[in-house]
$ cat model19.cif   # mmCIF, C-alpha atoms
data_final
loop_
_atom_site.label_atom_id
_atom_site.label_comp_id
_atom_site.auth_asym_id
_atom_site.auth_seq_id
_atom_site.Cartn_x
_atom_site.Cartn_y
_atom_site.Cartn_z
CA MET A 1 105.14 32.87 36.07
CA SER A 2 101.45 33.59 36.47
CA THR A 3 99.55 32.52 39.57
CA THR A 4 96.12 31.02 39.96
CA GLU A 5 93.44 32.18 42.36
CA ARG A 6 93.14 28.76 43.96
CA SER A 7 96.33 26.78 44.36
CA PRO A 8 96.83 23.39 45.96
CA PHE A 9 100.30 24.63 46.87
CA PRO A 10 100.18 26.61 50.15
CA TYR A 11 102.14 29.61 48.83
CA LYS A 12 101.62 31.68 45.70
CA LEU A 13 105.21 32.94 45.61
CA ILE A 14 108.53 31.13 46.17
CA ALA A 15 111.44 33.57 46.58
CA THR A 16 114.92 32.08 46.38
CA ASP A 17 118.32 33.64 46.84
CA LEU A 18 120.96 32.39 44.40
CA ASP A 19 124.44 31.92 45.89
CA GLY A 20 124.52 29.47 48.77
CA THR A 21 120.80 28.79 48.36
CA LEU A 22 119.50 27.85 44.91
CA LEU A 23 122.96 27.41 43.42
CA ARG A 24 125.45 24.77 44.45
CA SER A 25 129.11 25.69 44.80
CA ASP A 26 129.67 24.98 41.09
CA GLU A 27 126.92 27.52 40.20
CA THR A 28 124.51 24.82 39.02
CA VAL A 29 121.01 23.91 40.18
CA SER A 30 120.44 20.22 40.91
CA GLU A 31 117.93 18.20 38.94
CA ARG A 32 116.02 17.50 42.15
CA THR A 33 115.65 21.20 42.94
CA ARG A 34 114.68 22.00 39.35
CA ALA A 35 112.02 19.28 39.50
CA ALA A 36 110.65 20.53 42.84
CA LEU A 37 110.38 24.11 41.56
CA THR A 38 108.72 22.90 38.35
CA ALA A 39 106.18 20.89 40.35
CA ALA A 40 105.42 23.85 42.61
CA THR A 41 104.93 26.22 39.69
CA GLN A 42 102.71 23.69 37.92
CA ALA A 43 100.69 23.58 41.15
CA GLY A 44 100.09 27.32 40.85
CA ALA A 45 103.02 29.03 42.60
CA ALA A 46 105.36 31.56 41.02
CA HIS A 47 109.11 31.29 41.48
CA ILE A 48 111.14 34.48 41.76
CA VAL A 49 114.91 34.80 42.11
CA VAL A 50 116.01 37.44 44.64
CA THR A 51 119.77 37.98 44.58
CA GLY A 52 122.45 40.41 45.61
CA ARG A 53 124.02 40.01 42.19
CA ALA A 54 123.36 42.78 39.70
CA VAL A 55 121.66 41.83 36.42
CA PRO A 56 124.87 41.32 34.36
CA TRP A 57 126.08 38.75 36.94
CA THR A 58 122.65 37.05 37.07
CA ARG A 59 121.50 36.77 33.45
CA HIS A 60 123.59 33.71 32.52
CA ILE A 61 122.19 31.78 35.50
CA LEU A 62 118.61 32.66 34.60
CA ASP A 63 119.16 31.80 30.95
CA ASP A 64 120.63 28.42 31.92
CA LEU A 65 117.55 27.72 34.06
CA GLY A 66 115.23 28.67 31.22
CA TYR A 67 113.86 31.28 33.63
CA ARG A 68 111.43 33.67 31.92
CA GLY A 69 109.87 35.62 34.77
CA LEU A 70 110.88 38.47 37.07
CA ALA A 71 114.08 38.55 39.11
CA VAL A 72 115.06 40.92 41.89
CA CYS A 73 118.75 41.77 41.50
CA GLY A 74 121.34 44.05 43.09
CA GLN A 75 120.05 43.60 46.67
CA GLY A 76 116.63 44.87 45.60
CA ALA A 77 117.87 47.72 43.40
CA GLN A 78 116.76 46.10 40.13
CA VAL A 79 113.61 44.32 39.03
CA TYR A 80 114.51 42.48 35.83
CA HIS A 81 112.24 40.72 33.33
CA ALA A 82 114.28 37.70 32.25
CA GLY A 83 111.96 36.71 29.41
CA GLU A 84 112.09 40.16 27.85
CA HIS A 85 115.70 40.93 28.89
CA ARG A 86 114.84 44.37 30.22
CA LEU A 87 114.99 46.32 33.46
CA LEU A 88 111.62 47.27 34.90
CA THR A 89 112.96 49.30 37.83
CA SER A 90 116.42 50.37 38.94
CA VAL A 91 117.60 52.33 41.99
CA THR A 92 121.01 53.98 42.08
CA LEU A 93 123.29 54.93 44.93
CA ASP A 94 123.85 58.64 45.56
CA ARG A 95 127.54 58.89 44.71
CA GLN A 96 128.13 61.97 46.84
CA LEU A 97 126.67 60.21 49.89
CA ALA A 98 128.66 57.07 49.08
CA GLY A 99 131.89 59.07 48.92
CA LEU A 100 131.12 60.71 52.26
CA ALA A 101 130.30 57.31 53.79
CA LEU A 102 133.58 55.85 52.57
CA SER A 103 135.59 58.72 54.02
CA LYS A 104 133.86 58.30 57.40
CA ILE A 105 134.47 54.54 57.46
CA GLU A 106 138.14 54.99 56.51
CA ALA A 107 138.53 57.61 59.23
CA GLU A 108 137.43 54.90 61.66
CA VAL A 109 139.23 51.79 60.35
CA GLY A 110 141.87 52.97 57.87
CA PRO A 111 142.13 52.45 54.08
CA LEU A 112 139.64 50.17 52.36
CA ALA A 113 139.84 48.16 49.15
CA LEU A 114 136.95 49.12 46.89
CA ALA A 115 134.78 47.78 44.11
CA ALA A 116 131.46 48.94 42.66
CA SER A 117 128.60 47.74 40.49
CA ARG A 118 127.52 50.11 37.72
CA ASP A 119 123.85 50.47 36.90
CA GLY A 120 122.17 49.03 33.82
CA LEU A 121 121.69 45.81 31.89
CA ASP A 122 125.37 45.76 30.99
CA GLY A 123 126.71 47.54 34.06
CA GLU A 124 130.34 46.66 34.73
CA VAL A 125 131.76 45.63 38.09
CA LEU A 126 134.76 47.84 38.80
CA VAL A 127 137.51 46.46 41.05
CA GLY A 128 140.18 48.63 42.64
CA PRO A 129 143.68 47.88 43.95
CA GLY A 130 143.75 45.28 46.72
CA TYR A 131 140.15 44.18 46.32
CA THR A 132 139.86 40.37 46.21
CA VAL A 133 137.26 38.90 43.88
CA GLN A 134 136.24 35.27 44.35
CA GLU A 135 137.28 33.08 41.46
CA GLY A 136 134.64 32.41 38.86
CA PRO A 137 133.39 33.25 35.40
CA LEU A 138 132.04 36.69 36.28
CA PRO A 139 133.79 39.56 34.45
CA VAL A 140 135.28 42.58 36.23
CA VAL A 141 137.03 45.76 35.11
CA ALA A 142 140.09 46.94 37.05
CA PHE A 143 140.53 50.62 37.96
CA GLU A 144 143.40 52.57 39.48
CA ASP A 145 142.04 56.12 39.68
CA ILE A 146 139.25 56.56 42.25
CA ALA A 147 137.62 59.07 39.90
CA GLU A 148 136.67 56.15 37.65
CA LEU A 149 134.53 54.76 40.47
CA TRP A 150 132.29 57.84 40.42
CA SER A 151 132.15 58.44 36.66
CA ALA A 152 128.81 56.65 36.03
CA PRO A 153 125.69 55.70 38.06
CA LEU A 154 126.19 52.88 40.57
CA ASN A 155 123.90 50.41 42.33
CA LYS A 156 126.33 49.64 45.14
CA VAL A 157 129.87 49.94 46.45
CA TYR A 158 131.79 46.96 47.88
CA ILE A 159 134.32 47.37 50.69
CA GLN A 160 137.06 45.13 52.09
CA HIS A 161 139.54 45.66 54.90
CA PRO A 162 143.02 44.11 55.10
CA ARG A 163 142.54 42.91 58.70
CA LEU A 164 138.90 43.12 59.80
CA ASP A 165 136.63 40.19 59.00
CA ASP A 166 133.36 40.73 57.14
CA ASP A 167 131.09 40.75 60.18
CA HIS A 168 133.32 43.18 62.09
CA LEU A 169 133.69 45.50 59.11
CA ALA A 170 129.95 45.51 58.43
CA ARG A 171 129.17 46.19 62.07
CA ILE A 172 131.56 49.15 62.32
CA ALA A 173 130.42 50.58 58.97
CA ARG A 174 126.78 50.33 60.04
CA GLN A 175 127.54 52.18 63.27
CA VAL A 176 129.49 54.93 61.50
CA VAL A 177 127.42 55.56 58.35
CA GLY A 178 124.08 53.84 58.99
CA SER A 179 122.27 57.15 58.64
CA LEU A 180 123.76 57.76 55.17
CA VAL A 181 123.67 54.35 53.46
CA ASP A 182 122.60 50.81 54.22
CA VAL A 183 125.37 48.30 54.94
CA VAL A 184 124.92 44.58 54.33
CA MET A 185 127.08 41.48 54.49
CA ALA A 186 126.10 39.38 51.50
CA GLY A 187 128.74 36.64 51.47
CA ALA A 188 132.38 35.86 52.11
CA GLY A 189 134.37 39.02 51.36
CA VAL A 190 131.23 40.88 50.29
CA VAL A 191 130.29 43.90 52.41
CA GLU A 192 128.16 46.37 50.47
CA LEU A 193 127.04 49.99 50.73
CA LEU A 194 123.52 50.48 49.34
CA PRO A 195 120.99 53.30 49.00
CA LEU A 196 119.42 53.97 52.39
CA GLY A 197 116.24 51.94 52.84
CA LEU A 198 117.00 49.54 50.01
CA SER A 199 116.87 45.79 50.67
CA LYS A 200 115.80 42.56 49.09
CA ALA A 201 112.44 43.11 50.78
CA THR A 202 111.79 46.39 48.94
CA GLY A 203 112.63 44.87 45.56
CA LEU A 204 110.66 41.71 46.31
CA SER A 205 107.59 43.67 47.37
CA LEU A 206 107.64 45.59 44.07
CA ALA A 207 108.00 42.42 42.02
CA ALA A 208 105.36 40.58 44.05
CA ARG A 209 102.87 43.37 43.42
CA ARG A 210 103.41 42.93 39.68
CA LEU A 211 102.67 39.22 40.10
CA GLY A 212 99.54 39.86 42.16
CA CYS A 213 101.10 38.31 45.28
CA ARG A 214 101.41 39.53 48.87
CA ALA A 215 103.84 38.94 51.71
CA ALA A 216 101.31 36.54 53.23
CA ASP A 217 101.53 34.44 50.05
CA THR A 218 105.32 34.10 50.12
CA ILE A 219 107.89 31.54 51.25
CA ALA A 220 111.50 32.71 51.04
CA PHE A 221 114.82 30.83 51.05
CA GLY A 222 118.22 32.35 51.86
CA ASP A 223 121.61 31.96 53.51
CA MET A 224 123.13 35.36 54.41
CA PRO A 225 122.37 38.43 56.57
CA ASN A 226 121.27 40.34 53.46
CA ASP A 227 118.30 37.93 53.37
CA ILE A 228 117.05 39.06 56.80
CA PRO A 229 114.76 41.83 55.41
CA MET A 230 113.29 39.33 52.92
CA PHE A 231 112.52 36.93 55.77
CA GLY A 232 110.94 39.78 57.70
CA TRP A 233 108.67 40.53 54.73
CA ALA A 234 107.71 36.99 53.74
CA GLN A 235 105.19 34.81 55.53
CA HIS A 236 107.75 32.03 56.01
CA GLY A 237 111.55 32.25 55.91
CA VAL A 238 113.67 29.14 55.39
CA ALA A 239 117.42 29.27 56.10
CA MET A 240 119.79 26.79 54.52
CA ALA A 241 121.90 24.56 56.79
CA ASN A 242 124.95 26.48 55.54
CA ALA A 243 123.37 29.85 56.42
CA HIS A 244 124.95 32.59 58.52
CA ASP A 245 123.97 32.43 62.19
CA GLU A 246 122.28 35.85 62.01
CA LEU A 247 119.85 34.55 59.38
CA LYS A 248 119.23 31.26 61.19
CA ALA A 249 118.28 33.27 64.27
CA VAL A 250 115.31 34.87 62.48
CA ALA A 251 114.31 31.95 60.24
CA HIS A 252 111.04 30.11 60.73
CA GLU A 253 112.69 26.90 59.55
CA ILE A 254 116.14 25.51 58.74
CA THR A 255 116.49 23.07 55.87
CA ALA A 256 119.35 21.09 54.36
CA SER A 257 122.27 22.88 52.71
CA ASN A 258 122.38 24.20 49.16
CA GLU A 259 124.60 21.22 48.28
CA ASP A 260 121.97 18.80 49.66
CA ASP A 261 118.85 20.13 47.88
CA GLY A 262 117.56 22.14 50.84
CA ILE A 263 114.98 23.98 48.73
CA ALA A 264 113.66 20.73 47.27
CA VAL A 265 113.39 19.14 50.72
CA VAL A 266 110.96 21.86 51.82
CA LEU A 267 108.99 22.14 48.58
CA GLU A 268 108.48 18.37 48.36
CA GLN A 269 107.01 18.37 51.86
CA LEU A 270 104.63 21.18 50.91
CA MET A 271 103.35 19.55 47.74
CA PRO A 272 99.81 18.14 48.01
#
$ encode --input "model19.cif" --output "structure tokens"
Amino acid sequence: MSTTERSPFPYKLIATDLDGTLLRSDETVSERTRAALTAATQAGAAHIVVTGRAVPWTRHILDDLGYRGLAVCGQGAQVYHAGEHRLLTSVTLDRQLAGLALSKIEAEVGPLALAASRDGLDGEVLVGPGYTVQEGPLPVVAFEDIAELWSAPLNKVYIQHPRLDDDHLARIARQVVGSLVDVVMAGAGVVELLPLGLSKATGLSLAARRLGCRAADTIAFGDMPNDIPMFGWAQHGVAMANAHDELKAVAHEITASNEDDGIAVVLEQLMP
């Protein structure tokens, strides 16, 4: 994942989100996209994964890719070295503030269904009553007693509402508790409470510094509103065709969908 001082490729750093961006709906990466990323890295660029998933939900993807470099996980909370299987940095959510934020949101909209991501390389994802998890191979641990949610350090808390859609819930939560925690919508059914000031951009900037890269050296790909800070940091932001309208509105470019090799389409055009 090292970079060269002089690269025929116009960017030194390629930052890609995972779900809805690098990954297809079956959680695989196409051969065309793999080949385009390999060609770009051979031309001198570094590829870095920047995902909302915490490390335990990301490792199997990185291992399948043969990915050995840094990854930004947990919406920027974790910088993970895939080759060495260790956390380099990790930021946790103040549980007292999170509890206060939840009580304020529930006072506004009524009871929420909750889940949370515990900190660490093997941090569990806890899922409470009524919380709907998308089908897939990712493991979760059910809880009944709310005290279990606060019993160990967390990176984030997930919230769902029985009637409000994701955008509406995120908007209300941001208005009510935006001074206590950050609120992001990261995908269908995924509204998250994060440490205040944390974003993919903060995690990416830390990882980029370790790689000797700057914002001006970076092209970023994404599909959801949680990618907006990353686009604001990077020199060039590319939204997938399947991206949320809020991200498309701030993108420098819109490419094909994740199912149609949108990353490869752009990288192939940039190759010398």
$ resolve_selection --input "model19.cif" --expression "the PyMOL selection byres ((chain A and resi 198) around 9)" --output "PDB file with C-alpha atoms, in the coordinates of the input"
ATOM      1  CA  GLN A  75     120.050  43.600  46.670  1.00  0.00           C
ATOM      2  CA  GLY A  76     116.630  44.870  45.600  1.00  0.00           C
ATOM      3  CA  ALA A  77     117.870  47.720  43.400  1.00  0.00           C
ATOM      4  CA  VAL A  91     117.600  52.330  41.990  1.00  0.00           C
ATOM      5  CA  VAL A 181     123.670  54.350  53.460  1.00  0.00           C
ATOM      6  CA  ASP A 182     122.600  50.810  54.220  1.00  0.00           C
ATOM      7  CA  LEU A 194     123.520  50.480  49.340  1.00  0.00           C
ATOM      8  CA  PRO A 195     120.990  53.300  49.000  1.00  0.00           C
ATOM      9  CA  LEU A 196     119.420  53.970  52.390  1.00  0.00           C
ATOM     10  CA  GLY A 197     116.240  51.940  52.840  1.00  0.00           C
ATOM     11  CA  SER A 199     116.870  45.790  50.670  1.00  0.00           C
ATOM     12  CA  LYS A 200     115.800  42.560  49.090  1.00  0.00           C
ATOM     13  CA  ALA A 201     112.440  43.110  50.780  1.00  0.00           C
ATOM     14  CA  THR A 202     111.790  46.390  48.940  1.00  0.00           C
ATOM     15  CA  GLY A 203     112.630  44.870  45.560  1.00  0.00           C
TER      16      GLY A 203
END
$ closest_residue --input "model19.cif" --among "A:Ile172, A:Ala251, A:Leu180, A:Ala207" --to "Leu87 in chain A" --atoms "all atoms listed in the file"
A:Ala207
$ resolve_selection --input "model19.cif" --expression "the PyMOL selection byres ((chain A and resi 105) around 12)" --output "PyMOL selection string"
chain A and resi 98-104+106-113+159-161+169-178+180-181+183+193
$ atom_distance --input "model19.cif" --atom1 "CA of Val184 in chain A" --atom2 "CA of Pro153 in chain A"
19.7 Å
$ closest_residue --input "model19.cif" --among "A:Ser205, A:Ser25, A:Ser117, A:Thr38" --to "Leu149 in chain A" --atoms "only C-alpha atoms"
A:Ser117
$ closest_residue --input "model19.cif" --among "A:His85, A:Val157, A:Leu97, A:His47" --to "Asp63 in chain A" --atoms "all atoms listed in the file"
A:His85
$ atom_distance --input "model19.cif" --atom1 "CA of Thr92 in chain A" --atom2 "CA of Val125 in chain A"
14.2 Å
$ closest_residue --input "model19.cif" --among "A:Val238, A:Val79, A:Leu211, A:Val55" --to "Asp122 in chain A" --atoms "only C-alpha atoms"
A:Val55
$ resolve_selection --input "model19.cif" --expression "the PyMOL selection byres ((chain A and resi 231) around 9)" --output "MDAnalysis selection string"
chainID A and resid 201 219:222 227:230 232:238 247 250:252
$ residues_around --input "model19.cif" --residues "Ser30 in chain A" --least-positions-apart "4" --cutoff "8 Å" --atoms "all atoms listed in the file" --output "list in words"
Arg24, Arg34 and Asp261 of chain A
$ residues_around --input "model19.cif" --residues "Gly66 in chain A" --least-positions-apart "4" --cutoff "12 Å" --atoms "only C-alpha atoms" --output "list of chain:residue names"
A:Met1, A:Val29, A:Arg34, A:Thr38, A:Arg59, A:His60, A:Ile61, A:Leu62, A:Ala82, A:Gly83
$ atom_distance --input "model19.cif" --atom1 "CA of Val50 in chain A" --atom2 "CA of Gly74 in chain A"
8.6 Å
$ closest_residue --input "model19.cif" --among "A:Asp94, A:Asp19, A:Asn155, A:Gln42" --to "Met271 in chain A" --atoms "only C-alpha atoms"
A:Gln42
